[in-house]
Each structure stands twice: as C-alpha cells, then as structure tokens.
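For reference, coords.pdb is printed below; it contains PDB, C-alpha atoms and all ligand atoms.
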```
ATOM      1  CA  THR A   1      73.877  90.584 100.093
ATOM      2  CA  LYS A   2      74.421  94.065 101.525
ATOM      3  CA  ASP A   3      76.851  95.248 104.158
ATOM      4  CA  LYS A   4      75.787  97.444 107.044
ATOM      5  CA  ASN A   5      76.191 100.597 104.945
ATOM      6  CA  GLY A   6      73.853  99.171 102.318
ATOM      7  CA  ILE A   7      76.626  98.425  99.815
ATOM      8  CA  GLN A   8      75.930  95.483  97.600
ATOM      9  CA  GLN A   9      78.288  92.550  97.834
ATOM     10  CA  VAL A  10      78.267  89.395  95.752
ATOM     11  CA  VAL A  11      79.229  86.031  97.202
ATOM     12  CA  LEU A  12      80.686  83.411  94.869
ATOM     13  CA  ARG A  13      80.655  79.775  95.982
ATOM     14  CA  ASN A  14      82.007  76.673  94.351
ATOM     15  CA  PRO A  15      80.393  73.217  94.815
ATOM     16  CA  ARG A  16      83.116  72.197  97.329
ATOM     17  CA  GLY A  17      82.380  75.084  99.654
ATOM     18  CA  ALA A  18      85.124  77.576  98.799
ATOM     19  CA  SER A  19      83.897  81.144  98.541
ATOM     20  CA  ALA A  20      84.783  84.706  97.623
ATOM     21  CA  ARG A  21      83.033  87.974  98.385
ATOM     22  CA  VAL A  22      83.193  90.980  96.080
ATOM     23  CA  SER A  23      81.984  94.476  96.910
ATOM     24  CA  LEU A  24      80.538  96.846  94.342
ATOM     25  CA  HIS A  25      82.469  99.507  96.199
ATOM     26  CA  GLY A  26      85.773  99.485  94.349
ATOM     27  CA  GLY A  27      85.079  96.134  92.681
ATOM     28  CA  GLN A  28      87.112  94.985  95.647
ATOM     29  CA  VAL A  29      87.423  91.331  96.650
ATOM     30  CA  LEU A  30      86.918  91.382 100.423
ATOM     31  CA  SER A  31      87.138  87.697 101.245
ATOM     32  CA  TRP A  32      88.464  84.498  99.713
ATOM     33  CA  LYS A  33      87.990  81.282 101.676
ATOM     34  CA  THR A  34      89.073  77.686 101.174
ATOM     35  CA  ASP A  35      86.597  74.793 101.197
ATOM     36  CA  LYS A  36      87.505  74.435 104.905
ATOM     37  CA  GLY A  37      86.356  77.975 105.555
ATOM     38  CA  GLU A  38      89.861  79.409 106.146
ATOM     39  CA  GLU A  39      90.151  83.078 105.195
ATOM     40  CA  LEU A  40      93.087  83.691 102.844
ATOM     41  CA  LEU A  41      92.926  87.484 102.618
ATOM     42  CA  PHE A  42      93.758  89.893 105.399
ATOM     43  CA  THR A  43      91.272  92.589 106.416
ATOM     44  CA  SER A  44      92.146  94.985 109.198
ATOM     45  CA  SER A  45      90.042  94.954 112.355
ATOM     46  CA  LYS A  46      90.099  98.752 111.962
ATOM     47  CA  ALA A  47      88.984  98.756 108.322
ATOM     48  CA  ILE A  48      86.533 101.497 107.432
ATOM     49  CA  PHE A  49      83.582 100.198 105.449
ATOM     50  CA  LYS A  50      82.341 103.609 104.415
ATOM     51  CA  PRO A  51      82.835 104.876 100.864
ATOM     52  CA  PRO A  52      84.744 106.549  99.443
ATOM     53  CA  THR A  53      87.511 105.072 101.641
ATOM     54  CA  ALA A  54      88.721 101.755 100.247
ATOM     55  CA  VAL A  55      88.644  98.913 102.756
ATOM     56  CA  ARG A  56      92.062  98.160 104.334
ATOM     57  CA  GLY A  57      92.387  94.583 103.163
ATOM     58  CA  GLY A  58      91.222  92.167 100.479
ATOM     59  CA  ILE A  59      92.169  93.182  96.925
ATOM     60  CA  PRO A  60      91.660  96.883  96.134
ATOM     61  CA  ILE A  61      92.356  97.805  92.505
ATOM     62  CA  TYR A  62      94.743 100.688  91.874
ATOM     63  CA  PHE A  63      93.790 102.401  88.625
ATOM     64  CA  PRO A  64      94.578 104.541  86.641
ATOM     65  CA  GLN A  65      97.716 105.329  88.635
ATOM     66  CA  PHE A  66      99.993 103.819  91.238
ATOM     67  CA  GLY A  67     101.052 106.322  93.891
ATOM     68  CA  ASN A  68      99.940 109.905  94.198
ATOM     69  CA  ARG A  69     101.236 111.980  91.346
ATOM     70  CA  GLY A  70      99.320 114.913  89.907
ATOM     71  CA  SER A  71      95.733 115.731  90.707
ATOM     72  CA  LEU A  72      94.506 112.142  90.763
ATOM     73  CA  GLU A  73      93.810 110.716  94.190
ATOM     74  CA  GLN A  74      96.367 108.329  95.718
ATOM     75  CA  HIS A  75      96.389 105.062  93.704
ATOM     76  CA  GLY A  76      93.651 106.364  91.401
ATOM     77  CA  PHE A  77      89.904 106.419  91.797
ATOM     78  CA  ALA A  78      88.819 102.875  90.849
ATOM     79  CA  ARG A  79      89.078 101.531  94.412
ATOM     80  CA  ASN A  80      86.953 104.384  95.765
ATOM     81  CA  ARG A  81      84.077 104.333  93.274
ATOM     82  CA  MET A  82      80.889 102.319  93.079
ATOM     83  CA  TRP A  83      80.979  99.766  90.272
ATOM     84  CA  ILE A  84      77.864  98.310  88.678
ATOM     85  CA  ILE A  85      76.984  94.745  87.806
ATOM     86  CA  ASP A  86      77.666  94.316  84.116
ATOM     87  CA  GLU A  87      74.743  92.531  82.477
ATOM     88  CA  ASN A  88      76.167  92.826  78.970
ATOM     89  CA  HIS A  89      79.663  91.560  79.489
ATOM     90  CA  PRO A  90      81.139  90.865  76.055
ATOM     91  CA  PRO A  91      82.252  87.235  75.692
ATOM     92  CA  LEU A  92      85.628  86.261  77.102
ATOM     93  CA  HIS A  93      87.983  83.542  75.942
ATOM     94  CA  PRO A  94      86.397  80.119  76.814
ATOM     95  CA  ASN A  95      89.232  79.407  79.307
ATOM     96  CA  ASP A  96      88.210  82.461  81.268
ATOM     97  CA  SER A  97      84.670  81.304  81.900
ATOM     98  CA  ASN A  98      84.797  77.501  82.230
ATOM     99  CA  ASN A  99      83.513  75.797  85.397
ATOM    100  CA  LYS A 100      83.399  78.980  87.345
ATOM    101  CA  ALA A 101      81.185  80.936  89.586
ATOM    102  CA  TYR A 102      81.763  84.505  88.516
ATOM    103  CA  ILE A 103      80.534  88.069  88.638
ATOM    104  CA  ASP A 104      80.995  90.751  86.004
ATOM    105  CA  LEU A 105      81.414  94.355  87.101
ATOM    106  CA  LEU A 106      81.814  97.583  85.186
ATOM    107  CA  LEU A 107      83.310 100.966  85.976
ATOM    108  CA  LYS A 108      82.898 104.052  83.827
ATOM    109  CA  PRO A 109      84.269 107.460  84.764
ATOM    110  CA  SER A 110      81.889 109.978  86.290
ATOM    111  CA  GLU A 111      81.859 113.585  85.116
ATOM    112  CA  GLU A 112      83.930 114.481  88.160
ATOM    113  CA  ASP A 113      86.474 111.795  87.276
ATOM    114  CA  LEU A 114      86.690 113.119  83.728
ATOM    115  CA  LYS A 115      87.584 116.547  85.031
ATOM    116  CA  ILE A 116      90.598 115.118  86.813
ATOM    117  CA  TRP A 117      91.468 112.399  84.299
ATOM    118  CA  PRO A 118      89.965 113.360  80.938
ATOM    119  CA  HIS A 119      89.846 109.911  79.336
ATOM    120  CA  SER A 120      86.695 107.956  78.655
ATOM    121  CA  PHE A 121      87.039 104.272  79.373
ATOM    122  CA  GLU A 122      85.126 101.142  80.259
ATOM    123  CA  PHE A 123      86.750  98.931  82.851
ATOM    124  CA  ARG A 124      85.232  95.452  82.883
ATOM    125  CA  LEU A 125      86.123  93.152  85.697
ATOM    126  CA  ARG A 126      85.339  89.456  86.015
ATOM    127  CA  VAL A 127      86.012  87.847  89.382
ATOM    128  CA  GLY A 128      85.727  84.064  89.238
ATOM    129  CA  LEU A 129      86.108  81.118  91.574
ATOM    130  CA  ASP A 130      86.758  77.743  89.973
ATOM    131  CA  LEU A 131      86.183  74.166  91.164
ATOM    132  CA  ASP A 132      89.566  74.061  92.893
ATOM    133  CA  GLY A 133      88.854  77.273  94.757
ATOM    134  CA  HIS A 134      91.269  79.331  92.650
ATOM    135  CA  LEU A 135      90.407  82.979  92.368
ATOM    136  CA  SER A 136      90.719  84.742  89.032
ATOM    137  CA  ILE A 137      90.473  88.442  88.335
ATOM    138  CA  ILE A 138      90.252  89.350  84.678
ATOM    139  CA  SER A 139      90.290  93.012  83.733
ATOM    140  CA  ARG A 140      89.558  94.584  80.423
ATOM    141  CA  VAL A 141      90.090  98.281  79.938
ATOM    142  CA  ARG A 142      88.788  99.846  76.719
ATOM    143  CA  ASN A 143      89.547 103.283  75.398
ATOM    144  CA  ILE A 144      86.226 104.750  74.230
ATOM    145  CA  ASN A 145      87.768 108.163  73.763
ATOM    146  CA  CYS A 146      89.093 109.790  70.624
ATOM    147  CA  LYS A 147      92.536 110.283  72.182
ATOM    148  CA  THR A 148      95.222 107.839  73.238
ATOM    149  CA  PHE A 149      95.690 107.401  76.986
ATOM    150  CA  SER A 150      98.021 105.533  79.330
ATOM    151  CA  PHE A 151      97.447 104.066  82.756
ATOM    152  CA  ALA A 152      99.063 102.039  85.498
ATOM    153  CA  ILE A 153      97.269  99.292  87.406
ATOM    154  CA  ALA A 154      97.922  97.165  90.485
ATOM    155  CA  TYR A 155      95.888  94.523  92.283
ATOM    156  CA  ARG A 156      96.893  95.213  95.819
ATOM    157  CA  THR A 157      96.586  91.778  97.394
ATOM    158  CA  TYR A 158      96.597  91.616 101.186
ATOM    159  CA  PHE A 159      97.508  87.982 101.889
ATOM    160  CA  ALA A 160      96.623  86.724 105.353
ATOM    161  CA  ILE A 161      99.763  85.228 106.892
ATOM    162  CA  SER A 162     100.691  83.686 110.244
ATOM    163  CA  ASP A 163     103.588  86.028 110.988
ATOM    164  CA  ILE A 164     105.615  88.267 108.690
ATOM    165  CA  SER A 165     108.853  86.801 110.064
ATOM    166  CA  GLU A 166     107.759  83.297 108.979
ATOM    167  CA  VAL A 167     107.115  84.166 105.359
ATOM    168  CA  ARG A 168     109.279  83.870 102.250
ATOM    169  CA  VAL A 169     108.604  85.101  98.727
ATOM    170  CA  GLU A 170     110.151  83.380  95.711
ATOM    171  CA  GLY A 171     110.242  84.474  92.100
ATOM    172  CA  LEU A 172     111.724  87.954  92.491
ATOM    173  CA  GLU A 173     115.406  87.003  92.908
ATOM    174  CA  THR A 174     117.865  88.973  90.756
ATOM    175  CA  LEU A 175     115.186  91.349  89.457
ATOM    176  CA  ASP A 176     115.506  95.103  89.312
ATOM    177  CA  TYR A 177     113.140  97.008  91.548
ATOM    178  CA  LEU A 178     112.086 100.580  92.238
ATOM    179  CA  ASP A 179     112.267 101.368  95.910
ATOM    180  CA  ASN A 180     109.348 103.524  97.055
ATOM    181  CA  LEU A 181     111.260 104.140 100.289
ATOM    182  CA  CYS A 182     114.076 105.827  98.273
ATOM    183  CA  GLN A 183     112.232 108.088  95.788
ATOM    184  CA  ARG A 184     111.702 105.141  93.459
ATOM    185  CA  GLU A 185     115.432 104.666  92.949
ATOM    186  CA  ARG A 186     116.317 101.549  90.976
ATOM    187  CA  PHE A 187     118.159  98.654  92.640
ATOM    188  CA  THR A 188     118.841  95.025  91.809
ATOM    189  CA  GLU A 189     117.694  92.244  94.124
ATOM    190  CA  GLN A 190     120.755  90.361  95.338
ATOM    191  CA  GLY A 191     119.617  87.725  97.738
ATOM    192  CA  ASP A 192     117.742  84.491  97.415
ATOM    193  CA  ALA A 193     114.133  84.396  98.381
ATOM    194  CA  LEU A 194     112.732  87.489 100.077
ATOM    195  CA  THR A 195     112.296  87.417 103.839
ATOM    196  CA  PHE A 196     111.139  90.303 105.985
ATOM    197  CA  GLU A 197     112.590  92.130 108.955
ATOM    198  CA  SER A 198     111.674  95.759 108.255
ATOM    199  CA  GLU A 199     109.421  97.960 106.174
ATOM    200  CA  ILE A 200     109.327  97.115 102.471
ATOM    201  CA  ASP A 201     107.718  99.009  99.591
ATOM    202  CA  ARG A 202     109.110  97.969  96.208
ATOM    203  CA  VAL A 203     108.024  97.582  92.623
ATOM    204  CA  TYR A 204     109.826  94.565  91.132
ATOM    205  CA  LEU A 205     110.134  94.929  87.384
ATOM    206  CA  SER A 206     109.346  92.434  84.636
ATOM    207  CA  SER A 207     108.990  89.391  86.852
ATOM    208  CA  SER A 208     108.233  85.838  85.769
ATOM    209  CA  ASP A 209     104.557  85.001  85.606
ATOM    210  CA  VAL A 210     104.491  83.004  88.855
ATOM    211  CA  ILE A 211     105.388  84.252  92.324
ATOM    212  CA  ALA A 212     105.160  82.063  95.424
ATOM    213  CA  VAL A 213     104.484  83.213  98.988
ATOM    214  CA  PHE A 214     105.454  80.484 101.476
ATOM    215  CA  ASP A 215     103.972  80.593 104.956
ATOM    216  CA  HIS A 216     105.948  78.134 107.061
ATOM    217  CA  GLU A 217     103.810  78.295 110.150
ATOM    218  CA  LYS A 218     100.501  77.842 108.347
ATOM    219  CA  LYS A 219     102.146  75.295 106.045
ATOM    220  CA  ARG A 220     100.649  76.823 102.973
ATOM    221  CA  THR A 221     101.847  78.529  99.838
ATOM    222  CA  PHE A 222     100.060  81.162  97.830
ATOM    223  CA  LEU A 223     100.727  81.181  94.120
ATOM    224  CA  VAL A 224     100.280  84.414  92.210
ATOM    225  CA  ARG A 225     100.032  83.837  88.468
ATOM    226  CA  LYS A 226      99.587  86.746  86.122
ATOM    227  CA  GLU A 227      99.284  87.723  82.467
ATOM    228  CA  GLY A 228      99.692  91.240  81.122
ATOM    229  CA  LEU A 229     101.003  92.360  84.527
ATOM    230  CA  PRO A 230     104.806  92.477  84.319
ATOM    231  CA  ASP A 231     105.522  94.078  87.696
ATOM    232  CA  VAL A 232     105.055  92.949  91.295
ATOM    233  CA  VAL A 233     104.689  95.280  94.262
ATOM    234  CA  VAL A 234     105.738  93.985  97.665
ATOM    235  CA  TRP A 235     104.531  96.027 100.610
ATOM    236  CA  ASN A 236     104.555  95.713 104.370
ATOM    237  CA  PRO A 237     104.399  98.924 106.427
ATOM    238  CA  TRP A 238     106.105  97.451 109.516
ATOM    239  CA  GLU A 239     105.722  98.780 113.029
ATOM    240  CA  LYS A 240     106.266 102.512 112.709
ATOM    241  CA  LYS A 241     104.193 103.090 109.591
ATOM    242  CA  ALA A 242     101.453 100.735 110.794
ATOM    243  CA  LYS A 243     100.989 103.021 113.791
ATOM    244  CA  ALA A 244     100.499 105.977 111.452
ATOM    245  CA  ILE A 245      97.826 104.261 109.345
ATOM    246  CA  VAL A 246      94.479 104.949 111.002
ATOM    247  CA  ASP A 247      92.657 101.944 109.594
ATOM    248  CA  LEU A 248      95.367  99.427 110.507
ATOM    249  CA  GLY A 249      95.952  98.029 113.996
ATOM    250  CA  ASP A 250      99.404  98.686 115.475
ATOM    251  CA  GLU A 251     100.381  95.008 115.441
ATOM    252  CA  GLU A 252      98.446  93.933 112.380
ATOM    253  CA  TYR A 253     101.360  94.388 109.983
ATOM    254  CA  LYS A 254     102.555  90.992 111.231
ATOM    255  CA  GLN A 255      99.522  89.252 109.777
ATOM    256  CA  MET A 256      99.583  90.775 106.312
ATOM    257  CA  LEU A 257     101.810  90.843 103.274
ATOM    258  CA  CYS A 258     100.907  92.597 100.038
ATOM    259  CA  VAL A 259     102.161  90.994  96.840
ATOM    260  CA  ASP A 260     100.485  92.695  93.911
ATOM    261  CA  GLY A 261     100.374  91.825  90.231
ATOM    262  CA  ALA A 262     100.818  95.183  88.492
ATOM    263  CA  ALA A 263     101.804  97.181  85.428
ATOM    264  CA  ILE A 264     103.583 100.277  86.714
ATOM    265  CA  GLU A 265     106.973 101.017  85.239
ATOM    266  CA  LYS A 266     105.799 100.932  81.627
ATOM    267  CA  PRO A 267     102.275 102.310  81.577
ATOM    268  CA  ILE A 268      99.753 100.583  79.336
ATOM    269  CA  THR A 269      98.862 102.724  76.342
ATOM    270  CA  LEU A 270      95.550 102.388  74.534
ATOM    271  CA  LYS A 271      94.675 104.039  71.260
ATOM    272  CA  PRO A 272      91.028 104.944  70.635
ATOM    273  CA  GLY A 273      88.964 101.753  70.461
ATOM    274  CA  GLU A 274      91.762  99.535  71.804
ATOM    275  CA  GLU A 275      91.357  97.183  74.746
ATOM    276  CA  TRP A 276      93.843  95.764  77.240
ATOM    277  CA  THR A 277      93.355  92.519  79.136
ATOM    278  CA  GLY A 278      95.137  91.579  82.361
ATOM    279  CA  ARG A 279      94.686  88.368  84.300
ATOM    280  CA  LEU A 280      95.528  87.558  87.896
ATOM    281  CA  TYR A 281      95.102  84.032  89.278
ATOM    282  CA  LEU A 282      95.489  83.253  92.951
ATOM    283  CA  SER A 283      95.700  79.767  94.387
ATOM    284  CA  VAL A 284      96.818  78.211  97.629
ATOM    285  CA  VAL A 285      98.491  74.834  98.155
ATOM    286  CA  ALA A 286      99.455  72.966 101.295
ATOM    287  CA  SER A 287     103.231  72.819 101.815
ATOM    288  CA  ILE A 288     105.452  70.845 104.143
TER     289      ILE A 288
HETATM  290  O1  LIG B   1     102.962 100.341  97.990
HETATM  291  C1  LIG B   1     102.616 101.634  97.697
HETATM  292  C2  LIG B   1     101.921 102.399  98.800
HETATM  293  O2  LIG B   1     101.660 103.690  98.329
HETATM  294  C3  LIG B   1     102.731 102.468 100.069
HETATM  295  O3  LIG B   1     103.695 103.453 100.025
HETATM  296  C4  LIG B   1     101.692 102.559 101.163
HETATM  297  O4  LIG B   1     101.423 103.834 101.547
HETATM  298  C5  LIG B   1     100.549 101.817 100.564
HETATM  299  O5  LIG B   1     100.683 101.824  99.158
HETATM  300  C6  LIG B   1      99.137 102.037 101.043
HETATM  301  O6  LIG B   1      98.431 103.034 100.406
HETATM  302  P1  LIG B   1      96.986 103.424 100.896
HETATM  303  O7  LIG B   1      96.576 104.586 100.037
HETATM  304  O8  LIG B   1      96.113 102.222 100.687
HETATM  305  O9  LIG B   1      97.097 103.767 102.352
END
```
So that I can check it, write out the structure of this file as structure tokens.
Amino acid sequence: TKDKNGIQQVVLRNPRGASARVSLHGGQVLSWKTDKGEELLFTSSKAIFKPPTAVRGGIPIYFPQFGNRGSLEQHGFARNRMWIIDENHPPLHPNDSNNKAYIDLLLKPSEEDLKIWPHSFEFRLRVGLDLDGHLSIISRVRNINCKTFSFAIAYRTYFAISDISEVRVEGLETLDYLDNLCQRERFTEQGDALTFESEIDRVYLSSSDVIAVFDHEKKRTFLVRKEGLPDVVVWNPWEKKAKAIVDLGDEEYKQMLCVDGAAIEKPITLKPGEEWTGRLYLSVVASI
C-alpha cells in the first residue's frame, strides 16, 4: 500500500487478524494491532507524514547516534531516510523466521550521509509478526568499510496508553541511569516500579532483558524483550515540552509512553566485515 504522499508501506497480518504496518520511510513501524483491532502504538494526531521528518509515533529507529552530538542530525539519519525492500536478505537463525509474516528492509548510506558519517554499512531490518501477534524487530548492521566504526541505536517505541498517571514500568528498579534532563548525569534508581508525574527522559543502563509496562485502566501489560540492547530509554515530554513539540498535541503526552530498547552508553563497535545483531520483541498480555 501507499500513503497519501506516495510512500510505500507494508502491512503484515497473522492468520488470527493481528496486524502491523511498516513504512519504507525510516523503516518505521507505524501501527501494531491486536487480533481485536486495538492499536497498541501511539501516533500523534499532529504527526507529519512528509519525509524527511520522522512520524511522531510508532517505532522510529535512532541510528547511528542517540541525541544530537556533532554534525549528525538529531538521533541519526536512519529514521529520516527511505529504506528499500531487501530481496536478498541473508538467512537468519531459524527461530527468527518461524511462523511469521515478515518484511525485510535495507538501508545503505547515501553519498550525502557518507560526508557526515564516513562509514559504509548495510543495515538489514526484519519486522515480523508471529501467530500470537507478537512483534519482532531484528536488526543486523554490517561494517562494509575498511575502518572500524561505532554506533548507538535505539528503537523509540511509542506505546499507546490510557493515561500516563495510570501506568507503571517494572524492570528498571535499582539500575543506574543517565538523566537527559541533567546533562546526562548519572543517578541510581531508588524506588520500586516507575510511575509518572512529570517529564522524564532517562537512559537506564544494563537492564534485564524483560521490561513490563502495566496499564491499569486498559488492563493490559506490554512486555519488551530484547537481545543485544542493554539500555532502556524512558521518555515522556509532559505538559510543557509537549506544547513546544509542533507535531504533538498539547494533551497527547498523556496517551503515550516511550520505552525503548537501546544500546547507548557503550557504543557498538564493528571491525571491517563484522556484523552486529539486535533483537526487540514486543508483546501484550491482558492483566487484572
Ligand atoms: O529521549 C531523548 C530525546 O532526545 C528527548 O530529549 C526528546 O527530545 C525526544 O528524544 C524526541 O526527539 P525528536 O527528535 O523525535 O523530537
């Protein structure tokens, strides 16, 4: 299918009626629905569907940097570029392709990208939806350069929630985090589960491989499972910042929470010819 700007999107469906929609712009997942048709990802009503701006919602991929250091654009260029469908995807581990509807995408740097970030790479992305409606995002980044390079990556995941004040995140207790609201100063999480009453923008370091996002009102829990992605970003702009973000409605911060599988603190380093694989699995379960 194509969106109204002519950008190709691929819809994945499983036999039970769950679905996911992936845009070639950014390789970004824009929708993930249960077999009952409930949307699980937030997209802003003010989202701009015009490249190169990444859509405010879904799962934009931040690569090759997190943040806005140096001459690279904020959060890197991957989310802003057009990806292509990868017809020659090298085989993956059998567990990564069983019983799944999937699409393989590929990003290579343009000449302009190479001027800003002089490292040749191939970024292969497989987005899959299995029989239970679980979404998987498997990334493989290969260094096809003759020099070593390092990168950071984050799967910014805008979960659709009932109300930010009704949500709790478990799995980050006692971890160290870098606070983006305090020049990335390092702190240690003290409390129990995370609840929200003001702006948050943190990179939790070396977390366990499963994080849970409980939504009491909707009686559902998102599970974020990850491999090769030690860090977790938690972001909600809250009222004041939401007002300053042009493609986010003033009150919409209440309906979104970003919990991102990421590798930020210790960049991933690839020697020539080496490849890195990262896996993110998202599922949703009913809770009481
Ligand atoms: O969580 C990191 C962060 O840079 C925040 O500080 C916030 O600005 C957010 O990501 C959104 O970035 P974006 O470029 O999508 O507006």
Please write out, as JSON, where the centre of an axis-aligned box around all listed atoms of ligand LIG 1 (chain B) lies and how long its edges are, in Å to one decimal, after adding 3 Å on each side.
```
{"center_x": 99.9, "center_y": 102.5, "center_z": 100.0, "size_x": 13.6, "size_y": 10.2, "size_z": 10.7}
```
Exercise. Please extract the residues at most 8 Å from ligand LIG 1 (chain B), counting all atoms listed in the file, and provide them as JSON, numbers by chain, using the chain letters and residue numbers of this document.
Key: {"A": [54, 56, 66, 67, 68, 74, 75, 180, 181, 201, 202, 203, 233, 234, 235, 237, 245]}
Suppose we keep C-alpha atoms; can you now write the selection as a short mmCIF file (atom, residue, chain, number, x, y, z; two decimals), in the frame of the given file?
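Output (result16.cif):
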```
data_model
loop_
_atom_site.label_atom_id
_atom_site.label_comp_id
_atom_site.auth_asym_id
_atom_site.auth_seq_id
_atom_site.Cartn_x
_atom_site.Cartn_y
_atom_site.Cartn_z
CA ALA A 54 88.72 101.76 100.25
CA ARG A 56 92.06 98.16 104.33
CA PHE A 66 99.99 103.82 91.24
CA GLY A 67 101.05 106.32 93.89
CA ASN A 68 99.94 109.90 94.20
CA GLN A 74 96.37 108.33 95.72
CA HIS A 75 96.39 105.06 93.70
CA ASN A 180 109.35 103.52 97.06
CA LEU A 181 111.26 104.14 100.29
CA ASP A 201 107.72 99.01 99.59
CA ARG A 202 109.11 97.97 96.21
CA VAL A 203 108.02 97.58 92.62
CA VAL A 233 104.69 95.28 94.26
CA VAL A 234 105.74 93.98 97.66
CA TRP A 235 104.53 96.03 100.61
CA PRO A 237 104.40 98.92 106.43
CA ILE A 245 97.83 104.26 109.34
#
```
Exercise. Tell me which residues the PyMOL selection byres (((chain A and resi 221) around 8) and not hetatm) grabs here, as JSON, numbers by chain.
Key: {"A": [212, 213, 214, 215, 219, 220, 222, 223, 284, 285, 286, 287]}
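Closest approach to Ser19 (chain A) among A:Asn5, A:Ser45, A:Thr34, A:Thr53 is made by A:Thr34 (distances from all atoms listed in the file).
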Quiz item: Mind telling me what the PyMOL selection byres (((chain A and resi 143-154) around 9) and not hetatm) catches here, as a VMD selection string?
Solution: chain A and resid 60 to 66 75 to 76 119 to 122 141 to 142 155 to 157 229 231 to 233 260 to 276
Quiz item: Using all atoms listed in the file, which of A:Trp117, A:Glu185, A:Arg279, A:Glu111 sits nearest Leu92 (chain A)?
Solution: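 Using all atoms listed in the file, Leu92 (chain A) sits closest to A:Arg279.
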Quiz prompt | Of the listed residues A:Asp132, A:Glu189, A:Glu166, A:Glu73, that which approaches Lys100 (chain A) most closely, counting only C-alpha atoms | solution =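 Closest residue, counting only C-alpha atoms: A:Asp132.
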Could you name the residues that touch Leu282 (chain A) at 9 Å or less, counting all atoms listed in the file, but leaving out those on the same chain fewer than 4 positions away, as a JSON list (two decimals) with C-alpha atoms, in the coordinates of the input?
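Printed below is result.json as written:
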```
[["chain", "number", "residue", "atom", "x", "y", "z"],
["A", 134, "HIS", "CA", 91.27, 79.33, 92.65],
["A", 135, "LEU", "CA", 90.41, 82.98, 92.37],
["A", 136, "SER", "CA", 90.72, 84.74, 89.03],
["A", 137, "ILE", "CA", 90.47, 88.44, 88.34],
["A", 222, "PHE", "CA", 100.06, 81.16, 97.83],
["A", 223, "LEU", "CA", 100.73, 81.18, 94.12],
["A", 224, "VAL", "CA", 100.28, 84.41, 92.21],
["A", 225, "ARG", "CA", 100.03, 83.84, 88.47],
["A", 226, "LYS", "CA", 99.59, 86.75, 86.12]]
```
